[in-house]
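Colleague: Here you go, protein-v9.txt (compact mmCIF, C-alpha atoms (C1' of nucleotides)):
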# COMPACT_ATOMS: atom_id res chain seq x y z
CA MET A 1 15.73 9.77 6.84
CA ARG A 2 15.22 11.02 3.28
CA GLU A 3 16.56 14.41 4.36
CA ALA A 4 19.58 12.60 5.87
CA GLY A 5 20.39 11.22 2.40
CA HIS A 6 18.74 7.79 2.68
CA ASP A 7 16.64 8.02 -0.49
CA TRP A 8 15.63 4.36 -0.30
CA PHE A 9 13.80 4.85 3.02
CA THR A 10 10.02 4.20 3.03
CA ASP A 11 7.46 3.34 5.70
CA ALA A 12 7.10 -0.28 4.61
CA ARG A 13 10.87 -0.78 4.58
CA ALA A 14 11.22 0.88 8.00
CA ASN A 15 8.61 -1.52 9.35
CA LEU A 16 10.57 -4.49 8.05
CA LEU A 17 13.95 -3.21 9.30
CA ALA A 18 12.46 -2.81 12.79
CA HIS A 19 12.27 -6.62 12.91
CA VAL A 20 15.82 -7.35 11.70
CA ALA A 21 18.12 -8.10 14.66
CA ARG A 22 21.72 -6.84 14.58
CA ALA A 23 22.98 -10.43 14.44
CA GLY A 24 20.61 -11.18 11.55
CA THR A 25 17.15 -12.78 11.46
CA PRO A 26 15.80 -15.70 9.39
CA GLN A 27 13.37 -14.49 6.73
CA SER A 28 10.77 -16.91 8.10
CA VAL A 29 10.86 -15.10 11.46
CA LEU A 30 10.25 -11.76 9.75
CA ILE A 31 7.22 -13.29 8.02
CA SER A 32 5.69 -14.66 11.22
CA ARG A 33 6.24 -11.40 13.14
CA MET A 34 5.17 -8.82 10.57
CA GLY A 35 1.64 -9.94 9.80
CA ILE A 36 2.05 -9.68 6.02
CA SER A 37 2.44 -12.42 3.41
CA LYS A 38 5.75 -14.16 2.81
CA GLN A 39 5.72 -12.79 -0.74
CA ALA A 40 5.47 -9.23 0.54
CA VAL A 41 8.44 -9.83 2.85
CA GLN A 42 10.30 -11.40 -0.06
CA GLN A 43 9.77 -8.30 -2.20
CA LEU A 44 10.73 -5.86 0.56
CA VAL A 45 13.92 -7.80 1.34
CA ASP A 46 14.68 -8.03 -2.42
CA GLY A 47 14.51 -4.25 -2.63
CA LEU A 48 16.65 -3.63 0.44
CA VAL A 49 19.25 -6.11 -0.82
CA ALA A 50 19.31 -4.25 -4.15
CA GLU A 51 19.81 -0.97 -2.22
CA GLY A 52 22.75 -2.50 -0.35
CA VAL A 53 21.05 -2.17 3.06
CA LEU A 54 20.56 -5.88 3.75
CA GLU A 55 22.20 -9.13 2.63
CA ARG A 56 20.94 -12.72 2.52
CA LEU A 57 23.18 -15.40 4.04
CA PRO A 58 22.69 -19.17 4.14
CA ASP A 59 21.48 -20.55 7.48
CA PRO A 60 24.04 -23.14 8.69
CA ALA A 61 21.31 -24.87 10.75
CA ASP A 62 18.76 -25.29 7.92
CA SER A 63 19.59 -25.18 4.24
CA ARG A 64 16.03 -24.12 3.32
CA SER A 65 16.39 -20.99 5.44
CA ARG A 66 18.09 -17.67 4.67
CA ILE A 67 19.42 -15.25 7.28
CA VAL A 68 18.71 -11.56 6.57
CA ARG A 69 21.35 -9.23 8.02
CA TYR A 70 22.44 -5.59 7.78
CA THR A 71 25.36 -4.72 5.55
CA ALA A 72 27.90 -2.21 6.92
CA ALA A 73 26.04 0.54 5.04
CA GLY A 74 22.73 -0.69 6.44
CA ALA A 75 24.03 -0.64 10.01
CA ALA A 76 25.23 2.95 9.50
CA ALA A 77 21.75 3.95 8.27
CA ILE A 78 20.16 2.39 11.36
CA ARG A 79 22.43 4.48 13.58
CA ASP A 80 21.11 7.58 11.76
CA ALA A 81 17.55 6.34 12.29
CA ASP A 82 18.13 5.95 16.03
CA ARG A 83 19.48 9.49 16.25
CA ILE A 84 16.50 10.89 14.34
CA LYS A 85 14.07 8.92 16.51
CA ARG A 86 15.59 10.49 19.62
CA GLU A 87 15.28 13.96 18.04
CA ILE A 88 11.58 13.42 17.31
CA GLU A 89 10.95 12.05 20.81
CA SER A 90 12.53 15.17 22.26
CA GLU A 91 9.88 17.28 20.51
CA TYR A 92 7.16 15.40 22.37
CA ARG A 93 9.13 15.64 25.62
CA ALA A 94 9.28 19.41 25.17
CA ARG A 95 5.51 19.54 24.63
CA ILE A 96 4.40 17.67 27.73
CA GLY A 97 7.50 17.43 29.97
CA ASP A 98 9.87 14.57 30.78
CA GLN A 99 7.77 13.11 33.56
CA ARG A 100 4.51 13.06 31.60
CA PHE A 101 6.35 11.70 28.57
CA GLY A 102 7.62 8.79 30.66
CA MET A 103 4.10 8.19 31.92
CA LEU A 104 2.74 8.19 28.36
CA MET A 105 5.33 5.62 27.25
CA ASP A 106 4.55 3.37 30.22
CA LEU A 107 0.79 3.52 29.59
CA LEU A 108 1.23 2.77 25.89
CA ARG A 109 3.45 -0.20 26.66
CA GLU A 110 1.00 -1.56 29.23
CA ALA A 111 -1.98 -1.13 26.93
CA THR A 112 -0.37 -2.77 23.91
CA GLU A 113 1.99 -5.47 25.17
CA LYS A 114 1.23 -9.06 24.30
CA LEU A 115 -1.56 -7.76 22.10
CA ASP A 116 -3.20 -10.10 19.60
CA THR A 117 -2.14 -8.43 16.37
CA GLY A 118 -4.29 -10.64 14.15
CA GLU A 119 -1.44 -11.97 12.05
CA ARG A 120 -2.19 -13.58 8.68
CA MET B 1 -16.02 -3.75 9.91
CA ARG B 2 -15.40 -6.50 7.35
CA GLU B 3 -16.72 -9.03 9.86
CA ALA B 4 -19.80 -6.80 10.29
CA GLY B 5 -20.52 -7.22 6.58
CA HIS B 6 -18.94 -4.02 5.26
CA ASP B 7 -16.75 -5.65 2.61
CA TRP B 8 -15.77 -2.31 1.09
CA PHE B 9 -14.05 -1.15 4.29
CA THR B 10 -10.27 -0.48 4.07
CA ASP B 11 -7.79 1.60 6.07
CA ALA B 12 -7.46 4.29 3.40
CA ARG B 13 -11.23 4.65 3.09
CA ALA B 14 -11.65 4.76 6.89
CA ASN B 15 -9.09 7.56 7.03
CA LEU B 16 -11.07 9.55 4.46
CA LEU B 17 -14.46 8.91 6.10
CA ALA B 18 -13.07 10.21 9.41
CA HIS B 19 -12.92 13.64 7.72
CA VAL B 20 -16.45 13.64 6.28
CA ALA B 21 -18.86 15.61 8.50
CA ARG B 22 -22.45 14.37 8.94
CA ALA B 23 -23.75 17.46 7.14
CA GLY B 24 -21.29 16.87 4.27
CA THR B 25 -17.85 18.31 3.51
CA PRO B 26 -16.47 19.98 0.35
CA GLN B 27 -13.96 17.73 -1.38
CA SER B 28 -11.42 20.58 -1.24
CA VAL B 29 -11.61 20.51 2.58
CA LEU B 30 -10.90 16.78 2.61
CA ILE B 31 -7.86 17.42 0.42
CA SER B 32 -6.42 20.15 2.66
CA ARG B 33 -6.96 18.16 5.86
CA MET B 34 -5.81 14.71 4.79
CA GLY B 35 -2.27 15.42 3.66
CA ILE B 36 -2.56 13.42 0.44
CA SER B 37 -2.90 14.62 -3.15
CA LYS B 38 -6.21 15.82 -4.55
CA GLN B 39 -6.08 12.98 -7.08
CA ALA B 40 -5.82 10.39 -4.30
CA VAL B 41 -8.87 11.92 -2.58
CA GLN B 42 -10.66 11.91 -5.92
CA GLN B 43 -10.04 8.20 -6.38
CA LEU B 44 -11.04 7.29 -2.82
CA VAL B 45 -14.28 9.29 -3.09
CA ASP B 46 -14.93 7.73 -6.55
CA GLY B 47 -14.68 4.29 -4.97
CA LEU B 48 -16.92 5.11 -2.01
CA VAL B 49 -19.53 6.65 -4.33
CA ALA B 50 -19.44 3.46 -6.42
CA GLU B 51 -19.96 1.44 -3.19
CA GLY B 52 -22.96 3.59 -2.29
CA VAL B 53 -21.38 4.92 0.92
CA LEU B 54 -20.96 8.55 -0.20
CA GLU B 55 -22.62 10.86 -2.73
CA ARG B 56 -21.38 14.03 -4.45
CA LEU B 57 -23.71 17.06 -4.38
CA PRO B 58 -23.27 20.47 -6.02
CA ASP B 59 -22.16 23.24 -3.68
CA PRO B 60 -24.78 26.05 -3.83
CA ALA B 61 -22.14 28.58 -2.74
CA ASP B 62 -19.51 27.73 -5.42
CA SER B 63 -20.25 25.93 -8.67
CA ARG B 64 -16.66 24.63 -8.90
CA SER B 65 -17.04 22.81 -5.60
CA ARG B 66 -18.67 19.46 -4.78
CA ILE B 67 -20.03 18.51 -1.36
CA VAL B 68 -19.27 14.94 -0.27
CA ARG B 69 -21.91 13.46 2.03
CA TYR B 70 -22.95 10.10 3.49
CA THR B 71 -25.79 8.23 1.84
CA ALA B 72 -28.32 6.58 4.17
CA ALA B 73 -26.36 3.31 3.81
CA GLY B 74 -23.11 5.14 4.56
CA ALA B 75 -24.55 6.72 7.71
CA ALA B 76 -25.66 3.28 8.90
CA ALA B 77 -22.16 1.92 8.34
CA ILE B 78 -20.67 4.77 10.39
CA ARG B 79 -22.97 3.90 13.28
CA ASP B 80 -21.56 0.35 13.14
CA ALA B 81 -18.04 1.77 13.10
CA ASP B 82 -18.72 3.85 16.22
CA ARG B 83 -20.02 0.81 18.04
CA ILE B 84 -16.97 -1.26 17.05
CA LYS B 85 -14.64 1.54 18.10
CA ARG B 86 -16.22 1.56 21.56
CA GLU B 87 -15.84 -2.21 21.78
CA ILE B 88 -12.12 -1.98 20.96
CA GLU B 89 -11.59 0.87 23.41
CA SER B 90 -13.19 -1.24 26.12
CA GLU B 91 -10.48 -3.89 25.60
CA TYR B 92 -7.82 -1.30 26.40
CA ARG B 93 -9.84 -0.02 29.37
CA ALA B 94 -9.97 -3.56 30.71
CA ARG B 95 -6.20 -3.87 30.35
CA ILE B 96 -5.16 -0.75 32.24
CA GLY B 97 -8.30 0.47 34.05
CA ASP B 98 -10.68 3.35 33.40
CA GLN B 99 -8.63 5.97 35.20
CA ARG B 100 -5.34 5.13 33.50
CA PHE B 101 -7.12 4.89 30.16
CA GLY B 102 -8.42 8.43 30.60
CA MET B 103 -4.92 9.58 31.51
CA LEU B 104 -3.51 7.91 28.38
CA MET B 105 -6.07 9.65 26.15
CA ASP B 106 -5.31 13.04 27.75
CA LEU B 107 -1.56 12.62 27.32
CA LEU B 108 -1.92 11.55 23.68
CA ARG B 109 -4.15 14.53 22.95
CA GLU B 110 -1.74 16.94 24.63
CA ALA B 111 1.28 15.49 22.86
CA THR B 112 -0.27 15.55 19.39
CA GLU B 113 -2.64 18.51 19.23
CA LYS B 114 -1.85 21.30 16.80
CA LEU B 115 0.99 19.15 15.51
CA ASP B 116 2.65 20.10 12.24
CA THR B 117 1.63 17.11 10.17
CA GLY B 118 3.78 18.09 7.20
CA GLU B 119 0.93 18.26 4.69
CA ARG B 120 1.67 18.11 1.02
C1' DG C 1 15.62 -46.13 4.65
C1' DC C 2 11.02 -44.37 2.44
C1' DT C 3 7.35 -41.61 2.04
C1' DG C 4 4.01 -38.12 2.87
C1' DA C 5 3.27 -33.77 5.09
C1' DT C 6 5.19 -29.46 6.51
C1' DT C 7 8.20 -25.51 6.10
C1' DA C 8 11.24 -21.87 3.63
C1' DG C 9 11.67 -19.50 -0.16
C1' DT C 10 10.78 -17.91 -5.05
C1' DC C 11 8.26 -16.44 -9.40
C1' DA C 12 4.30 -14.43 -11.57
C1' DA C 13 0.23 -11.79 -11.94
C1' DG C 14 -3.31 -8.86 -10.04
C1' DT C 15 -5.28 -5.06 -6.73
C1' DA C 16 -5.28 -0.91 -3.71
C1' DT C 17 -3.37 3.31 -2.73
C1' DC C 18 -0.78 6.55 -3.53
C1' DT C 19 2.19 9.86 -6.91
C1' DT C 20 3.01 13.63 -10.81
C1' DG C 21 1.52 15.86 -15.02
C1' DA C 22 -1.87 17.83 -17.96
C1' DC C 23 -6.20 19.61 -18.44
C1' DT C 24 -11.16 22.14 -17.86
C1' DA C 25 -14.25 25.13 -15.51
C1' DT C 26 -15.24 28.54 -12.25
C1' DA C 27 -14.21 32.46 -9.15
C1' DC C 28 -11.92 36.50 -7.79
C1' DG C 29 -8.97 40.73 -7.58
C1' DA C 30 -6.69 44.85 -9.71
C1' DT D 1 -11.93 42.20 -18.27
C1' DC D 2 -7.88 39.95 -17.94
C1' DG D 3 -4.61 37.34 -15.31
C1' DT D 4 -4.22 34.26 -11.52
C1' DA D 5 -5.76 31.10 -8.18
C1' DT D 6 -8.92 27.34 -6.90
C1' DA D 7 -11.87 22.92 -7.50
C1' DG D 8 -12.16 19.07 -9.78
C1' DT D 9 -11.08 15.44 -13.40
C1' DC D 10 -8.40 12.17 -16.49
C1' DA D 11 -4.36 9.47 -17.36
C1' DA D 12 -0.19 7.06 -16.43
C1' DG D 13 3.21 5.27 -13.31
C1' DA D 14 5.23 3.62 -8.57
C1' DT D 15 4.90 1.18 -4.22
C1' DA D 16 3.16 -2.11 -1.29
C1' DC D 17 0.50 -5.38 -0.75
C1' DT D 18 -2.45 -9.84 -2.27
C1' DT D 19 -3.31 -14.95 -4.01
C1' DG D 20 -1.77 -18.91 -6.65
C1' DA D 21 1.60 -22.07 -8.24
C1' DC D 22 5.85 -23.90 -7.74
C1' DT D 23 10.79 -25.96 -5.95
C1' DA D 24 13.70 -27.60 -2.43
C1' DA D 25 14.71 -29.13 2.13
C1' DT D 26 13.28 -31.05 6.57
C1' DC D 27 10.98 -34.07 9.55
C1' DA D 28 7.82 -37.58 11.64
C1' DG D 29 6.16 -42.25 11.39
C1' DC D 30 6.25 -46.69 9.72
So that I can check it, write out the structure of this file as structure tokens.
Modeller:
Amino acid sequence: MREAGHDWFTDARANLLAHVARAGTPQSVLISRMGISKQAVQQLVDGLVAEGVLERLPDPADSRSRIVRYTAAGAAAIRDADRIKREIESEYRARIGDQRFGMLMDLLREATEKLDTGER
Amino acid sequence: MREAGHDWFTDARANLLAHVARAGTPQSVLISRMGISKQAVQQLVDGLVAEGVLERLPDPADSRSRIVRYTAAGAAAIRDADRIKREIESEYRARIGDQRFGMLMDLLREATEKLDTGER
DNA sequence: GCTGATTAGTCAAGTATCTTGACTATACGA
DNA sequence: TCGTATAGTCAAGATACTTGACTAATCAGC
């Protein structure tokens, strides 16, 4: 992502963005799903808002809540990320073959789904 | 590990300890294998020496070099870590079965071995 | 309708884990 | 033996977390 010109991209920010739905997600939902403190989420969202990747909108259903959503620039960056993810996956496919790659993905999903992640 | 009484245990320290051989390892080898800066390794080893987990010994073959080795207390902690690792693995075995677990391990090894890790 | 407890978010300060830059001491090769 | 590379250290700064203290809004029960 850095090579693709997204200088703001870091691991912690990628982890947060993975939990932001295209239609937007309340900040409180990010907190409960990410397993880090609400203050950490606050700071990460602050940074991504400053970078123009995300925006905070009022929640019409609850005036305490804020909806976090991609800006147009943020959505474009996510499309780049999806492309790069597919490129990296194809390296692993080439190593072990399409069929074995599919098997690997299935086994990983089975082994990890509904896992107790020990949230804080 | 924290629950087992090893309060000093963190992810970054675990990652370093995974590269320390039982007979001891030169600090320079840790640096080249871990993909982080020599200063970061320095600080992590400093901390683990202060905790009494590791010790620095002179390298008889090269007076610039220092050998990093487990103390008796450190070796005991690693035995706990191995036990806990086996306990966690057994949870995944129970989820998907022994045979499929073995298959998963083989596929992961195949897909990742001799991978260019982009060291710095 | 109040009120007390819960929930969502923010501000501030501190810690852990990295980074780069500058430096010393030792080893090695032409 | 002189220049260069290697091993390690010290210092300062950035990022990504933490806990604590606080405000504002919601909600459940009387």
Colleague: Please return, as a list in words, all residues of chain A lying within 7 Å of chain C when all atoms listed in the file are considered.
Modeller: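 Every residue meeting the condition is included here: Ser28, Arg64 and Ser65 of chain A.
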Colleague: Should the cut-off be 9 Å, what would the residue list for chain A against chain D look like, counting only C-alpha atoms (C1' of nucleotides), as a PDB file with C-alpha atoms, keeping the file's coordinate frame?
Modeller:
ATOM      1  CA  ALA A  12       7.100  -0.280   4.610  1.00  0.00           C
ATOM      2  CA  ILE A  36       2.050  -9.680   6.020  1.00  0.00           C
ATOM      3  CA  SER A  37       2.440 -12.420   3.410  1.00  0.00           C
ATOM      4  CA  GLN A  39       5.720 -12.790  -0.740  1.00  0.00           C
ATOM      5  CA  ALA A  40       5.470  -9.230   0.540  1.00  0.00           C
ATOM      6  CA  LEU A  44      10.730  -5.860   0.560  1.00  0.00           C
ATOM      7  CA  ASP A  62      18.760 -25.290   7.920  1.00  0.00           C
ATOM      8  CA  SER A  63      19.590 -25.180   4.240  1.00  0.00           C
ATOM      9  CA  ARG A  64      16.030 -24.120   3.320  1.00  0.00           C
ATOM     10  CA  SER A  65      16.390 -20.990   5.440  1.00  0.00           C
TER      11      SER A  65
END
Colleague: Using all atoms listed in the file and a cut-off of 12 Å, which residues of chain B sit close to chain A? Please list them as number ranges by chain.
Modeller: B: 88-116
Colleague: Could you save those same residues with C-alpha atoms as an mmCIF file, keeping the file's coordinate frame?
Modeller:
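Contents of result.cif, freshly written:
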data_model
loop_
_atom_site.group_PDB
_atom_site.id
_atom_site.type_symbol
_atom_site.label_atom_id
_atom_site.label_comp_id
_atom_site.auth_asym_id
_atom_site.auth_seq_id
_atom_site.Cartn_x
_atom_site.Cartn_y
_atom_site.Cartn_z
ATOM 1 C CA ILE B 88 -12.120 -1.980 20.960
ATOM 2 C CA GLU B 89 -11.590 0.870 23.410
ATOM 3 C CA SER B 90 -13.190 -1.240 26.120
ATOM 4 C CA GLU B 91 -10.480 -3.890 25.600
ATOM 5 C CA TYR B 92 -7.820 -1.300 26.400
ATOM 6 C CA ARG B 93 -9.840 -0.020 29.370
ATOM 7 C CA ALA B 94 -9.970 -3.560 30.710
ATOM 8 C CA ARG B 95 -6.200 -3.870 30.350
ATOM 9 C CA ILE B 96 -5.160 -0.750 32.240
ATOM 10 C CA GLY B 97 -8.300 0.470 34.050
ATOM 11 C CA ASP B 98 -10.680 3.350 33.400
ATOM 12 C CA GLN B 99 -8.630 5.970 35.200
ATOM 13 C CA ARG B 100 -5.340 5.130 33.500
ATOM 14 C CA PHE B 101 -7.120 4.890 30.160
ATOM 15 C CA GLY B 102 -8.420 8.430 30.600
ATOM 16 C CA MET B 103 -4.920 9.580 31.510
ATOM 17 C CA LEU B 104 -3.510 7.910 28.380
ATOM 18 C CA MET B 105 -6.070 9.650 26.150
ATOM 19 C CA ASP B 106 -5.310 13.040 27.750
ATOM 20 C CA LEU B 107 -1.560 12.620 27.320
ATOM 21 C CA LEU B 108 -1.920 11.550 23.680
ATOM 22 C CA ARG B 109 -4.150 14.530 22.950
ATOM 23 C CA GLU B 110 -1.740 16.940 24.630
ATOM 24 C CA ALA B 111 1.280 15.490 22.860
ATOM 25 C CA THR B 112 -0.270 15.550 19.390
ATOM 26 C CA GLU B 113 -2.640 18.510 19.230
ATOM 27 C CA LYS B 114 -1.850 21.300 16.800
ATOM 28 C CA LEU B 115 0.990 19.150 15.510
ATOM 29 C CA ASP B 116 2.650 20.100 12.240
#
Colleague: What would you get as a PDB file with C-alpha atoms, keeping the file's coordinate frame if chain A were moved onto chain B by least squares over all of its C-alpha atoms in order?
Modeller:
ATOM      1  CA  MET A   1     -16.018  -3.749   9.919  1.00  0.00           C
ATOM      2  CA  ARG A   2     -15.415  -6.500   7.357  1.00  0.00           C
ATOM      3  CA  GLU A   3     -16.742  -9.026   9.870  1.00  0.00           C
ATOM      4  CA  ALA A   4     -19.814  -6.782  10.321  1.00  0.00           C
ATOM      5  CA  GLY A   5     -20.562  -7.190   6.595  1.00  0.00           C
ATOM      6  CA  HIS A   6     -18.957  -3.990   5.272  1.00  0.00           C
ATOM      7  CA  ASP A   7     -16.784  -5.625   2.604  1.00  0.00           C
ATOM      8  CA  TRP A   8     -15.819  -2.277   1.084  1.00  0.00           C
ATOM      9  CA  PHE A   9     -14.058  -1.131   4.278  1.00  0.00           C
ATOM     10  CA  THR A  10     -10.287  -0.474   4.039  1.00  0.00           C
ATOM     11  CA  ASP A  11      -7.796   1.579   6.040  1.00  0.00           C
ATOM     12  CA  ALA A  12      -7.452   4.284   3.397  1.00  0.00           C
ATOM     13  CA  ARG A  13     -11.226   4.637   3.083  1.00  0.00           C
ATOM     14  CA  ALA A  14     -11.634   4.750   6.877  1.00  0.00           C
ATOM     15  CA  ASN A  15      -9.081   7.555   6.994  1.00  0.00           C
ATOM     16  CA  LEU A  16     -11.044   9.540   4.433  1.00  0.00           C
ATOM     17  CA  LEU A  17     -14.437   8.920   6.085  1.00  0.00           C
ATOM     18  CA  ALA A  18     -13.021  10.218   9.382  1.00  0.00           C
ATOM     19  CA  HIS A  19     -12.875  13.650   7.719  1.00  0.00           C
ATOM     20  CA  VAL A  20     -16.405  13.663   6.257  1.00  0.00           C
ATOM     21  CA  ALA A  21     -18.779  15.656   8.495  1.00  0.00           C
ATOM     22  CA  ARG A  22     -22.362  14.431   8.957  1.00  0.00           C
ATOM     23  CA  ALA A  23     -23.658  17.518   7.146  1.00  0.00           C
ATOM     24  CA  GLY A  24     -21.233  16.887   4.273  1.00  0.00           C
ATOM     25  CA  THR A  25     -17.790  18.331   3.500  1.00  0.00           C
ATOM     26  CA  PRO A  26     -16.426  19.981   0.329  1.00  0.00           C
ATOM     27  CA  GLN A  27     -13.924  17.722  -1.427  1.00  0.00           C
ATOM     28  CA  SER A  28     -11.382  20.553  -1.302  1.00  0.00           C
ATOM     29  CA  VAL A  29     -11.527  20.511   2.512  1.00  0.00           C
ATOM     30  CA  LEU A  30     -10.842  16.772   2.561  1.00  0.00           C
ATOM     31  CA  ILE A  31      -7.792  17.383   0.362  1.00  0.00           C
ATOM     32  CA  SER A  32      -6.349  20.114   2.580  1.00  0.00           C
ATOM     33  CA  ARG A  33      -6.905  18.110   5.788  1.00  0.00           C
ATOM     34  CA  MET A  34      -5.750  14.653   4.728  1.00  0.00           C
ATOM     35  CA  GLY A  35      -2.216  15.358   3.577  1.00  0.00           C
ATOM     36  CA  ILE A  36      -2.539  13.362   0.346  1.00  0.00           C
ATOM     37  CA  SER A  37      -2.901  14.567  -3.244  1.00  0.00           C
ATOM     38  CA  LYS A  38      -6.216  15.761  -4.632  1.00  0.00           C
ATOM     39  CA  GLN A  39      -6.092  12.899  -7.137  1.00  0.00           C
ATOM     40  CA  ALA A  40      -5.831  10.348  -4.345  1.00  0.00           C
ATOM     41  CA  VAL A  41      -8.858  11.893  -2.622  1.00  0.00           C
ATOM     42  CA  GLN A  42     -10.670  11.893  -5.955  1.00  0.00           C
ATOM     43  CA  GLN A  43     -10.058   8.165  -6.400  1.00  0.00           C
ATOM     44  CA  LEU A  44     -11.053   7.268  -2.836  1.00  0.00           C
ATOM     45  CA  VAL A  45     -14.280   9.284  -3.095  1.00  0.00           C
ATOM     46  CA  ASP A  46     -14.959   7.725  -6.541  1.00  0.00           C
ATOM     47  CA  GLY A  47     -14.743   4.284  -4.966  1.00  0.00           C
ATOM     48  CA  LEU A  48     -16.943   5.119  -1.992  1.00  0.00           C
ATOM     49  CA  VAL A  49     -19.542   6.677  -4.298  1.00  0.00           C
ATOM     50  CA  ALA A  50     -19.507   3.481  -6.381  1.00  0.00           C
ATOM     51  CA  GLU A  51     -20.014   1.465  -3.155  1.00  0.00           C
ATOM     52  CA  GLY A  52     -23.011   3.629  -2.254  1.00  0.00           C
ATOM     53  CA  VAL A  53     -21.384   4.956   0.942  1.00  0.00           C
ATOM     54  CA  LEU A  54     -20.951   8.571  -0.165  1.00  0.00           C
ATOM     55  CA  GLU A  55     -22.601  10.894  -2.692  1.00  0.00           C
ATOM     56  CA  ARG A  56     -21.379  14.046  -4.441  1.00  0.00           C
ATOM     57  CA  LEU A  57     -23.682  17.080  -4.374  1.00  0.00           C
ATOM     58  CA  PRO A  58     -23.236  20.473  -6.032  1.00  0.00           C
ATOM     59  CA  ASP A  59     -22.116  23.272  -3.700  1.00  0.00           C
ATOM     60  CA  PRO A  60     -24.730  26.075  -3.871  1.00  0.00           C
ATOM     61  CA  ALA A  61     -22.066  28.619  -2.812  1.00  0.00           C
ATOM     62  CA  ASP A  62     -19.459  27.727  -5.475  1.00  0.00           C
ATOM     63  CA  SER A  63     -20.205  25.902  -8.694  1.00  0.00           C
ATOM     64  CA  ARG A  64     -16.614  24.608  -8.963  1.00  0.00           C
ATOM     65  CA  SER A  65     -16.987  22.815  -5.636  1.00  0.00           C
ATOM     66  CA  ARG A  66     -18.632  19.485  -4.798  1.00  0.00           C
ATOM     67  CA  ILE A  67     -19.993  18.529  -1.382  1.00  0.00           C
ATOM     68  CA  VAL A  68     -19.227  14.947  -0.284  1.00  0.00           C
ATOM     69  CA  ARG A  69     -21.873  13.505   2.045  1.00  0.00           C
ATOM     70  CA  TYR A  70     -22.917  10.149   3.509  1.00  0.00           C
ATOM     71  CA  THR A  71     -25.777   8.284   1.898  1.00  0.00           C
ATOM     72  CA  ALA A  72     -28.319   6.648   4.241  1.00  0.00           C
ATOM     73  CA  ALA A  73     -26.387   3.377   3.883  1.00  0.00           C
ATOM     74  CA  GLY A  74     -23.123   5.183   4.598  1.00  0.00           C
ATOM     75  CA  ALA A  75     -24.501   6.772   7.762  1.00  0.00           C
ATOM     76  CA  ALA A  76     -25.650   3.333   8.963  1.00  0.00           C
ATOM     77  CA  ALA A  77     -22.132   1.946   8.390  1.00  0.00           C
ATOM     78  CA  ILE A  78     -20.629   4.795  10.423  1.00  0.00           C
ATOM     79  CA  ARG A  79     -22.925   3.931  13.327  1.00  0.00           C
ATOM     80  CA  ASP A  80     -21.530   0.368  13.177  1.00  0.00           C
ATOM     81  CA  ALA A  81     -17.997   1.784  13.121  1.00  0.00           C
ATOM     82  CA  ASP A  82     -18.664   3.856  16.242  1.00  0.00           C
ATOM     83  CA  ARG A  83     -19.980   0.797  18.063  1.00  0.00           C
ATOM     84  CA  ILE A  84     -16.943  -1.270  17.067  1.00  0.00           C
ATOM     85  CA  LYS A  85     -14.583   1.531  18.107  1.00  0.00           C
ATOM     86  CA  ARG A  86     -16.155   1.556  21.568  1.00  0.00           C
ATOM     87  CA  GLU A  87     -15.771  -2.243  21.788  1.00  0.00           C
ATOM     88  CA  ILE A  88     -12.062  -2.030  20.945  1.00  0.00           C
ATOM     89  CA  GLU A  89     -11.526   0.822  23.415  1.00  0.00           C
ATOM     90  CA  SER A  90     -13.103  -1.298  26.126  1.00  0.00           C
ATOM     91  CA  GLU A  91     -10.391  -3.925  25.597  1.00  0.00           C
ATOM     92  CA  TYR A  92      -7.734  -1.342  26.409  1.00  0.00           C
ATOM     93  CA  ARG A  93      -9.774  -0.083  29.368  1.00  0.00           C
ATOM     94  CA  ALA A  94      -9.872  -3.633  30.721  1.00  0.00           C
ATOM     95  CA  ARG A  95      -6.090  -3.923  30.359  1.00  0.00           C
ATOM     96  CA  ILE A  96      -5.070  -0.805  32.249  1.00  0.00           C
ATOM     97  CA  GLY A  97      -8.221   0.387  34.075  1.00  0.00           C
ATOM     98  CA  ASP A  98     -10.640   3.247  33.427  1.00  0.00           C
ATOM     99  CA  GLN A  99      -8.619   5.874  35.239  1.00  0.00           C
ATOM    100  CA  ARG A 100      -5.317   5.073  33.529  1.00  0.00           C
ATOM    101  CA  PHE A 101      -7.104   4.831  30.187  1.00  0.00           C
ATOM    102  CA  GLY A 102      -8.452   8.353  30.665  1.00  0.00           C
ATOM    103  CA  MET A 103      -4.968   9.541  31.553  1.00  0.00           C
ATOM    104  CA  LEU A 104      -3.529   7.913  28.422  1.00  0.00           C
ATOM    105  CA  MET A 105      -6.122   9.620  26.206  1.00  0.00           C
ATOM    106  CA  ASP A 106      -5.433  13.008  27.800  1.00  0.00           C
ATOM    107  CA  LEU A 107      -1.658  12.658  27.367  1.00  0.00           C
ATOM    108  CA  LEU A 108      -2.024  11.593  23.737  1.00  0.00           C
ATOM    109  CA  ARG A 109      -4.293  14.536  23.004  1.00  0.00           C
ATOM    110  CA  GLU A 110      -1.916  16.983  24.682  1.00  0.00           C
ATOM    111  CA  ALA A 111       1.119  15.594  22.890  1.00  0.00           C
ATOM    112  CA  THR A 112      -0.442  15.609  19.431  1.00  0.00           C
ATOM    113  CA  GLU A 113      -2.859  18.537  19.256  1.00  0.00           C
ATOM    114  CA  LYS A 114      -2.119  21.326  16.827  1.00  0.00           C
ATOM    115  CA  LEU A 115       0.733  19.209  15.525  1.00  0.00           C
ATOM    116  CA  ASP A 116       2.402  20.152  12.248  1.00  0.00           C
ATOM    117  CA  THR A 117       1.433  17.151  10.150  1.00  0.00           C
ATOM    118  CA  GLY A 118       3.607  18.118   7.189  1.00  0.00           C
ATOM    119  CA  GLU A 119       0.790  18.262   4.670  1.00  0.00           C
ATOM    120  CA  ARG A 120       1.597  18.136   0.949  1.00  0.00           C
TER     121      ARG A 120
END
Colleague: Excluding B:Glu51 and its own-chain neighbours fewer than 6 positions away, which residues fall within 12 Å of it when counting all atoms listed in the file? Please give them as a list in words.
Modeller: His6, Asp7, Trp8, Phe9, Arg13, Leu44, Val45, Tyr70, Thr71, Ala73, Gly74 and Ala77 of chain B
